[in-house]
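Containing CSV, C-alpha atoms: my_file-v9.csv.
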chain,number,residue,atom,x,y,z
A,1,MET,CA,2.4,9.9,6.7
A,2,PRO,CA,3.5,6.4,7.7
A,3,LYS,CA,5.1,4.1,5.2
A,4,TYR,CA,2.7,2.8,2.6
A,5,ALA,CA,-0.2,4.7,4.3
A,6,GLU,CA,-1.1,6.3,1.0
A,7,LEU,CA,-2.1,3.0,-0.7
A,8,PRO,CA,-5.4,2.5,1.3
A,9,ALA,CA,-6.3,6.1,0.4
A,10,PHE,CA,-5.5,5.5,-3.2
A,11,ARG,CA,-7.7,2.4,-3.2
A,12,GLU,CA,-10.5,4.1,-1.3
A,13,GLN,CA,-10.7,6.8,-4.1
A,14,ASN,CA,-10.4,4.1,-6.8
A,15,PHE,CA,-7.1,5.3,-8.1
A,16,ILE,CA,-5.9,1.7,-7.6
A,17,THR,CA,-8.4,-1.1,-8.3
A,18,GLU,CA,-8.4,-4.9,-8.1
A,19,ALA,CA,-8.3,-4.9,-11.9
A,20,ASP,CA,-4.7,-3.5,-11.7
A,21,GLY,CA,-3.5,-6.8,-10.1
A,22,ASP,CA,-0.5,-7.2,-7.9
A,23,MET,CA,2.1,-4.4,-8.1
A,24,LEU,CA,5.2,-3.3,-6.3
A,25,HIS,CA,4.5,-0.4,-4.0
A,26,ARG,CA,6.4,2.1,-6.0
A,27,GLU,CA,4.6,1.1,-9.2
A,28,ALA,CA,1.2,1.3,-7.5
A,29,ARG,CA,2.0,4.7,-6.2
A,30,ALA,CA,3.2,5.9,-9.6
A,31,LEU,CA,0.1,4.6,-11.3
A,32,ALA,CA,-2.2,6.3,-8.7
A,33,LEU,CA,-0.4,9.6,-9.0
A,34,ARG,CA,-0.6,9.5,-12.8
A,35,ARG,CA,-4.4,8.9,-12.6
A,36,ILE,CA,-4.8,11.7,-10.1
A,37,GLU,CA,-3.0,14.1,-12.4
A,38,GLU,CA,-4.8,13.0,-15.5
A,39,SER,CA,-8.2,13.2,-13.8
A,40,ALA,CA,-7.7,16.7,-12.5
A,41,ARG,CA,-10.0,19.3,-14.2
A,42,THR,CA,-10.9,22.0,-11.6
A,43,GLU,CA,-8.8,24.2,-9.4
A,44,GLU,CA,-9.7,22.0,-6.4
A,45,ASP,CA,-8.6,18.9,-8.3
A,46,PHE,CA,-5.2,20.4,-9.0
A,47,LYS,CA,-4.9,21.5,-5.4
A,48,GLU,CA,-5.4,17.8,-4.4
A,49,VAL,CA,-2.6,16.8,-6.8
A,50,ILE,CA,-0.3,19.3,-5.1
A,51,GLN,CA,-1.4,18.0,-1.7
A,52,TRP,CA,-0.5,14.4,-2.6
A,53,TRP,CA,2.9,15.4,-3.9
A,54,ASP,CA,3.5,17.5,-0.7
A,55,ARG,CA,2.7,14.4,1.4
A,56,LEU,CA,5.0,12.2,-0.6
A,57,ASP,CA,7.8,14.8,-0.5
A,58,ALA,CA,7.4,15.0,3.2
A,59,ASN,CA,7.8,11.3,3.4
A,60,ARG,CA,10.9,11.3,1.3
A,61,GLU,CA,12.4,14.2,3.4
A,62,ARG,CA,11.6,12.3,6.6
A,63,LYS,CA,13.4,9.2,5.3
A,64,GLU,CA,16.4,11.2,4.3
A,65,ARG,CA,16.6,12.8,7.7
A,66,ASP,CA,16.4,9.3,9.3
A,67,HIS,CA,19.3,8.1,7.2
A,68,GLU,CA,21.3,11.2,8.2
A,69,THR,CA,20.6,11.0,11.9
A,70,GLY,CA,23.8,10.3,13.8
A,71,ARG,CA,26.2,11.0,10.9
A,72,SER,CA,29.1,13.4,11.5
A,73,THR,CA,29.8,16.3,9.2
A,74,VAL,CA,32.7,14.3,7.7
A,75,PRO,CA,31.8,12.7,4.4
A,76,LEU,CA,31.7,8.9,4.7
A,77,GLU,CA,33.9,8.6,1.6
A,78,TRP,CA,36.9,10.3,3.3
A,79,ASP,CA,39.7,7.9,4.0
A,80,ALA,CA,37.7,5.1,2.3
A,81,ASP,CA,39.6,2.3,0.8
A,82,GLU,CA,40.4,2.7,-2.9
A,83,PHE,CA,38.4,-0.4,-3.5
A,84,TYR,CA,35.2,1.5,-2.7
A,85,VAL,CA,36.0,4.7,-4.7
A,86,SER,CA,37.3,3.2,-7.8
A,87,GLY,CA,36.2,4.6,-11.1
A,88,LYS,CA,35.4,1.1,-12.4
A,89,PRO,CA,33.1,-0.3,-9.7
A,90,SER,CA,32.4,-3.9,-9.3
A,91,TYR,CA,29.1,-5.2,-7.9
A,92,ASP,CA,30.5,-5.1,-4.4
A,93,MET,CA,31.7,-1.5,-4.9
A,94,VAL,CA,28.2,-0.5,-6.2
A,95,LEU,CA,26.6,-2.0,-3.1
A,96,ARG,CA,29.1,-0.2,-0.8
A,97,ARG,CA,28.4,3.1,-2.5
A,98,LEU,CA,24.7,2.6,-2.0
A,99,LEU,CA,25.3,1.9,1.6
A,100,LEU,CA,27.3,5.1,2.0
A,101,ALA,CA,24.5,7.0,0.3
A,102,GLY,CA,22.0,5.6,2.8
A,103,ASP,CA,20.2,3.4,0.2
A,104,PHE,CA,20.0,-0.1,1.7
A,105,LEU,CA,17.4,-1.9,-0.5
A,106,ASP,CA,19.8,-3.5,-2.9
A,107,PHE,CA,22.0,-4.6,0.0
A,108,ILE,CA,19.1,-6.1,1.9
A,109,PHE,CA,17.9,-8.1,-1.2
A,110,ASP,CA,21.4,-9.2,-2.2
A,111,ARG,CA,20.6,-12.9,-2.0
A,112,PRO,CA,19.7,-15.5,-4.6
A,113,GLU,CA,16.3,-16.1,-3.1
A,114,THR,CA,15.3,-12.4,-3.4
A,115,ILE,CA,16.9,-11.7,-6.8
A,116,HIS,CA,13.4,-10.7,-8.1
A,117,GLU,CA,13.5,-7.7,-5.8
A,118,LEU,CA,16.4,-6.3,-7.7
A,119,VAL,CA,14.4,-5.5,-10.8
A,120,THR,CA,11.9,-2.7,-11.2
A,121,ASP,CA,9.6,-4.3,-13.8
A,122,THR,CA,6.7,-6.0,-12.0
A,123,ASP,CA,6.2,-8.7,-14.7
A,124,LEU,CA,9.9,-9.6,-14.8
A,125,SER,CA,10.0,-9.6,-11.0
A,126,LYS,CA,7.2,-12.2,-11.0
A,127,ILE,CA,9.0,-14.4,-13.6
A,128,LEU,CA,12.2,-14.4,-11.5
A,129,LYS,CA,10.3,-15.0,-8.3
A,130,GLU,CA,8.7,-18.1,-9.7
A,131,LEU,CA,12.0,-19.7,-10.8
A,132,LYS,CA,13.2,-22.7,-8.9
A,133,PRO,CA,15.7,-22.0,-6.2
A,134,HIS,CA,18.7,-23.6,-8.0
A,135,LEU,CA,18.0,-21.4,-11.0
A,136,LYS,CA,17.8,-18.3,-8.9
A,137,ASN,CA,21.1,-19.3,-7.3
A,138,MET,CA,22.8,-19.8,-10.6
A,139,LEU,CA,21.5,-16.5,-12.1
A,140,TYR,CA,22.6,-14.6,-9.0
A,141,TYR,CA,26.2,-15.9,-9.1
A,142,LEU,CA,26.6,-15.8,-12.9
A,143,PHE,CA,25.1,-12.4,-13.6
A,144,LEU,CA,25.4,-10.5,-10.4
A,145,ARG,CA,28.5,-12.0,-8.8
A,146,ASP,CA,30.1,-12.4,-12.2
A,147,TYR,CA,31.2,-16.0,-11.7
A,148,SER,CA,32.3,-17.9,-14.8
A,149,THR,CA,30.3,-21.0,-15.6
A,150,SER,CA,33.4,-23.1,-14.7
A,151,GLU,CA,33.8,-21.3,-11.3
A,152,TYR,CA,30.1,-21.8,-10.5
A,153,ALA,CA,30.2,-25.4,-11.6
A,154,GLU,CA,33.1,-26.1,-9.4
A,155,SER,CA,31.5,-24.4,-6.4
A,156,ILE,CA,28.5,-26.7,-6.6
A,157,GLY,CA,30.2,-29.9,-7.8
A,158,GLN,CA,28.9,-30.0,-11.3
A,159,THR,CA,30.5,-29.8,-14.8
A,160,ASP,CA,30.9,-26.6,-16.8
A,161,ARG,CA,29.0,-28.1,-19.7
A,162,ASN,CA,26.0,-28.9,-17.4
A,163,ILE,CA,25.9,-25.3,-16.0
A,164,ARG,CA,26.1,-23.8,-19.5
A,165,GLY,CA,23.1,-26.0,-20.6
A,166,ILE,CA,21.1,-25.0,-17.5
A,167,ARG,CA,21.9,-21.4,-18.0
A,168,GLU,CA,20.7,-21.4,-21.6
A,169,THR,CA,17.5,-23.2,-20.7
A,170,ALA,CA,16.8,-20.7,-17.9
A,171,LEU,CA,17.4,-17.7,-20.1
A,172,LYS,CA,15.3,-19.1,-22.9
A,173,LYS,CA,12.4,-19.6,-20.4
A,174,ILE,CA,12.7,-16.1,-19.1
A,175,ARG,CA,12.9,-14.6,-22.6
A,176,ARG,CA,9.9,-16.6,-23.7
A,177,LEU,CA,7.7,-15.6,-20.8
A,178,TYR,CA,8.8,-12.0,-21.0
A,179,GLY,CA,8.2,-12.0,-24.7
A,180,GLY,CA,4.6,-13.1,-24.1
A,181,ILE,CA,4.2,-10.2,-21.7
A,182,LEU,CA,5.6,-7.7,-24.1
A,183,THR,CA,3.3,-9.1,-26.9
A,184,TYR,CA,0.3,-8.5,-24.6
A,185,ARG,CA,1.5,-5.0,-23.9
A,186,LYS,CA,1.8,-4.3,-27.6
A,187,GLU,CA,-1.6,-5.7,-28.5
A,188,ASN,CA,-3.2,-3.7,-25.8
A,189,SER,CA,-1.4,-0.4,-26.6
A,190,LEU,CA,0.4,-0.4,-23.3
A,191,PRO,CA,3.6,1.7,-22.9
A,192,MET,CA,6.9,0.0,-23.7
A,193,THR,CA,10.5,1.2,-23.6
A,194,ILE,CA,12.7,1.3,-26.7
A,195,ASP,CA,14.6,-1.7,-25.4
A,196,GLU,CA,11.4,-3.7,-24.9
A,197,LYS,CA,10.2,-2.9,-28.4
A,198,TYR,CA,13.6,-4.0,-29.8
A,199,PHE,CA,13.6,-7.2,-27.8
A,200,LEU,CA,10.0,-8.1,-29.0
A,201,GLU,CA,10.9,-7.5,-32.6
A,202,ASN,CA,14.5,-8.6,-32.8
A,203,GLY,CA,15.3,-10.7,-29.7
A,204,VAL,CA,18.3,-10.1,-27.5
A,205,ARG,CA,20.4,-7.1,-28.5
A,206,LYS,CA,23.8,-8.2,-29.7
A,207,LYS,CA,26.9,-6.5,-28.4
A,208,LYS,CA,28.7,-4.1,-30.7
A,209,GLY,CA,31.5,-5.8,-32.7
A,210,LYS,CA,29.7,-9.2,-32.8
Rewritten as structure tokens:
Amino acid sequence: MPKYAELPAFREQNFITEADGDMLHREARALALRRIEESARTEEDFKEVIQWWDRLDANRERKERDHETGRSTVPLEWDADEFYVSGKPSYDMVLRRLLLAGDFLDFIFDRPETIHELVTDTDLSKILKELKPHLKNMLYYLFLRDYSTSEYAESIGQTDRNIRGIRETALKKIRRLYGGILTYRKENSLPMTIDEKYFLENGVRKKKGK
């Protein structure tokens, strides 16, 4: 089955509807599969569930084969620089390990303008996507590239104090918008993680020892 080919089939059978709104492909697929499983009643229905999983497994196996094509039998980690096999990986190390494993998505989206593609929650992804470019740039370097506020300020010709203020404003905006989304989920009995429930009731979780 070609990539994303299952989505039209899911829509045709009303396992995904317009009412579901915009979703990432992986979330739409997970939702459709859950609905297929929950709606199964007869033996034929369960056979259809198995058929869908078989198709998706075949897709996954095909992608794995594609990634492995051309590789030698020698593990890619052999003779790798210690920088890449350290027990305490930095962000660059994590990206490198993903590349060695044949997982390129995080590397492809490793840019400030696509920071929203690096989160799995659809609502949070939308919030990040709609941020202004200079805020995306700041969040990328402060939280992914681990710049200090003074380092980032120097790199763009601003003061440390100014960057700290912009950072706090951006985080407050994100938390406020995401808090509204979580409130909606709670009011409509939609599933939430333990961390999401904690954030909604208590705000940002404090680090131990503080």
Up to 12 Å from (8.0, -12.7, -24.6) in the file's coordinates: name the residues, counting all atoms listed in the file, as a count of residues only.
28
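Picture a line from atom CA of A:Arg205 to atom CA of A:Ala170; it runs 17.6 Å.
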Any idea what the distance is between atom CA of A:Asn137 and atom CA of A:Glu113?
7.1 Å
How many Å separate atom CA of A:Asp20 from atom CA of A:Thr42?
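Distance reported for this atom pair: 26.2 Å.
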If you count all atoms listed in the file, which residues fall within 8 Å of A:Ile36, apart from same-chain ones fewer than 3 positions away, as a PDB file with C-alpha atoms, in the coordinates of the input?
ATOM      1  CA  PHE A  15      -7.100   5.300  -8.100  1.00  0.00           C
ATOM      2  CA  ALA A  32      -2.200   6.300  -8.700  1.00  0.00           C
ATOM      3  CA  LEU A  33      -0.400   9.600  -9.000  1.00  0.00           C
ATOM      4  CA  SER A  39      -8.200  13.200 -13.800  1.00  0.00           C
ATOM      5  CA  ALA A  40      -7.700  16.700 -12.500  1.00  0.00           C
ATOM      6  CA  VAL A  49      -2.600  16.800  -6.800  1.00  0.00           C
TER       7      VAL A  49
END
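Nearest residue to A:Tyr147 among A:Tyr91, A:Pro8, A:Arg29, A:Thr169 is A:Tyr91, counting all atoms listed in the file.
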